[in-house]
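Structure record follows, encoded as structure tokens.
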Amino acid sequence: MRRTDGQFMMLVVMNALLLVAGVVISGGSFLSLFNLQSMAGQVPEIGLLAIGVMLAMCAGNGGIDLSGIALANLSGVVSAVLMVSILGPASDPTTFSLGFMFGCLLVGFAGGLFNGFLIARFSITPILCTLGTQMAFMGLAIVVSQGRAVTVGSPALLSSLGNDMLFGVPISFVIFIVVATLIGAVLKFTPFGLWLMLMGTNPKAATFAGFPKNGVILATYALSGTLSGLAGIIIAARNVNVKFDYGSSYLLIAILIAVMAGVRPEGGYGRVVCVVLSAVALQLMSSLLNFGGLSNFVRDFAWGALLLTFLAVGRYDVMGFFAPMRRSEDPSASVPQSPK
């Protein structure tokens, strides 16, 4: 069995075992409809950020987007401040909701494009570049909001995205699955997906292939930023306000989800379906810890330990058992197939 299939099967088994453990610990209430809906409603915002992390990691060269949650918060804050000053959620809820969502996506796209421009134009190591923009985005959100929470309220259209159900499934989770499917299709069936994976797998071959490297970097980080903007929409939809420091632990969790999904830190491989399964598994773990009565401090320790464990295991696999299977660094090496 290929390593990629093994990663998928491992995550399927992990989710199944977590469900069984939840049933045993809770006496069956873990699988109640209310609890399943509650868990599904909490997955999208962090899952979207994790897909953004995956895209940046696939690009290689230290590619990792550390600015995701900061950009999500900035998009919500800027859009909320503008819409509240122009219209207000009570006067025209539908227009307010549409304007707020468009503003979030626009700010997220612009922030991601800015990341991509800095990385492509000035050849800044992505992890350092996005660390800097993370602080810049947070600082800008503090200035715009004056350090306070900005009330969005519960306009019908926006609130439905975060709280309503579609055939018993949270609408936000449906949106997450649809977006993940679209991105998986783009990576599998378009030249962009092929170029992205080639750039991470074999930079020399990518250079000799003559594809638009800077364009791929811009598109990758712009897409990651747009996902942050979408996460900002869902965050606002699930709460009555937006704040510059929401989800302070989301960065660690998004990276952990990507690493658990088998995304290679050195670039060149990542499957969206595995990121989705990994996000679901992490949410199951979190709920399981809550059912066990453990504190948030124990949960944070568990996330850190898991991240180190998966990084160590992944490093062993790549450098050890799978070393003979690694592709040659020769520019004439064959072009890798883009994963789903």
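By convention in this document, the chains of the structure tokens carry letters A, B, ... by their order, each chain's residues are numbered from 1, and ligands are numbered from 1 in the order they are shown.
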- prompt: Which parts of segment 35-255 of chain A does DSSP call alpha helix (DSSP H) when run on the backbone here, written out as JSON, numbers by chain?
  reply: {"A": [35, 36, 37, 38, 39, 40, 41, 42, 43, 44, 45, 46, 47, 48, 49, 50, 51, 52, 53, 54, 55, 56, 57, 58, 68, 69, 70, 71, 72, 73, 74, 75, 76, 77, 78, 79, 80, 81, 82, 83, 84, 85, 86, 93, 94, 95, 96, 97, 98, 99, 100, 101, 102, 103, 104, 105, 106, 107, 108, 109, 110, 111, 112, 113, 114, 115, 116, 117, 118, 119, 120, 121, 122, 126, 127, 128, 129, 130, 131, 132, 133, 134, 135, 136, 137, 138, 139, 140, 141, 142, 143, 144, 145, 156, 157, 158, 159, 160, 161, 162, 163, 171, 172, 173, 174, 175, 176, 177, 178, 179, 180, 181, 182, 183, 184, 185, 186, 187, 188, 189, 191, 192, 193, 194, 195, 196, 197, 198, 199, 200, 201, 203, 204, 205, 206, 207, 208, 209, 213, 214, 215, 216, 217, 218, 219, 220, 221, 222, 223, 224, 225, 226, 227, 228, 229, 230, 231, 232, 233, 234, 235, 236, 237, 238, 250, 251, 252, 253, 254, 255]}
Contacts of segment 151-163 of chain A at 12 Å (only C-alpha atoms; same-chain gap of 3+ positions) as a PyMOL selection string: chain A and resi 37-38+40-45+76-85+87-102+145+148+166+168-176+230-243
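Taking only C-alpha atoms into account, Met57 of chain A lies nearest to A:Met197 out of the set A:Val280, A:Val144, A:Met197, A:Val150.
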query: What lies within 8 Å of Ala261 of chain A using only C-alpha atoms, ignoring chain neighbours under 3 positions off, as a PyMOL selection string?
result: chain A and resi 7-8+11+257-258+270-271+274-275+277-278
Those selected residues, please, written with C-alpha atoms and delivered as a PDB file, in the first residue's frame.
```
ATOM      1  CA  GLN A   7      -2.146   8.067   5.823  1.00  0.00           C
ATOM      2  CA  PHE A   8      -5.780   8.141   4.732  1.00  0.00           C
ATOM      3  CA  LEU A  11      -6.964   8.818   9.863  1.00  0.00           C
ATOM      4  CA  ILE A 257      -4.022  19.275  11.666  1.00  0.00           C
ATOM      5  CA  ALA A 258      -1.832  19.671   8.587  1.00  0.00           C
ATOM      6  CA  GLY A 270      -0.714  17.246   0.765  1.00  0.00           C
ATOM      7  CA  ARG A 271      -4.219  15.813   0.413  1.00  0.00           C
ATOM      8  CA  CYS A 274      -6.690  13.945   4.818  1.00  0.00           C
ATOM      9  CA  VAL A 275      -6.782  17.493   6.202  1.00  0.00           C
ATOM     10  CA  LEU A 277     -10.275  13.860   8.360  1.00  0.00           C
ATOM     11  CA  SER A 278      -7.500  15.245  10.547  1.00  0.00           C
TER      12      SER A 278
END
```
field: Residue contacts of segment 109-115 of chain A (10 Å, only C-alpha atoms) excluding same-chain residues fewer than 2 positions away, as a PyMOL selection string
entry: chain A and resi 52+65+67-68+71-72+74-75+103-107+117-120+124+126+129-130+132-134+137+217-230
task: Figure out the distance between atom CA of Gly200 of chain A and atom CA of Arg121 of chain A, please, to one decimal in Å.
output: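 A separation of 18.0 Å between them.
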- prompt: Between A:Ser26, A:Ala305, A:Arg264, A:Met54, which is the closest to Gly184 of chain A once you count only C-alpha atoms?
  reply: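 Checking each candidate against Gly184 of chain A, we get A:Met54 as the closest.
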List the spatial neighbours of Ser248 of chain A as a PDB file with N, CA and C atoms, in the first residue's frame - criterion: any atom at most 10 Å away, only C-alpha atoms, same-chain residues fewer than 4 positions off excluded.
```
ATOM      1  N   ILE A  69      -4.936  32.943  11.375  1.00  0.00           N
ATOM      2  CA  ILE A  69      -5.946  33.377  12.341  1.00  0.00           C
ATOM      3  C   ILE A  69      -5.905  34.885  12.538  1.00  0.00           C
ATOM      4  N   ALA A  70      -4.713  35.488  12.464  1.00  0.00           N
ATOM      5  CA  ALA A  70      -4.615  36.945  12.576  1.00  0.00           C
ATOM      6  C   ALA A  70      -5.334  37.624  11.413  1.00  0.00           C
ATOM      7  N   PHE A 244      -9.801  41.038  17.898  1.00  0.00           N
ATOM      8  CA  PHE A 244      -8.469  40.875  17.311  1.00  0.00           C
ATOM      9  C   PHE A 244      -7.727  39.646  17.825  1.00  0.00           C
ATOM     10  N   LEU A 252      -1.450  26.912  16.343  1.00  0.00           N
ATOM     11  CA  LEU A 252      -0.883  25.605  16.693  1.00  0.00           C
ATOM     12  C   LEU A 252      -1.780  24.478  16.188  1.00  0.00           C
ATOM     13  N   ILE A 253      -3.084  24.636  16.380  1.00  0.00           N
ATOM     14  CA  ILE A 253      -4.013  23.564  16.000  1.00  0.00           C
ATOM     15  C   ILE A 253      -4.032  23.379  14.488  1.00  0.00           C
TER      16      ILE A 253
END
```
message: Residues within 6 Å of segment 59-62 of chain A, please, as a PyMOL selection string. Count only C-alpha atoms; anything in the same chain fewer than 4 positions from it doesn't count.
response: chain A and resi 126-127+196+199-200+266-267
Who sits within 8 Å of segment 20-25 of chain A, only C-alpha atoms, same chain under 4 positions skipped, as an NGL selection string: :A and (16 or 29-31 or 288 or 291-292)
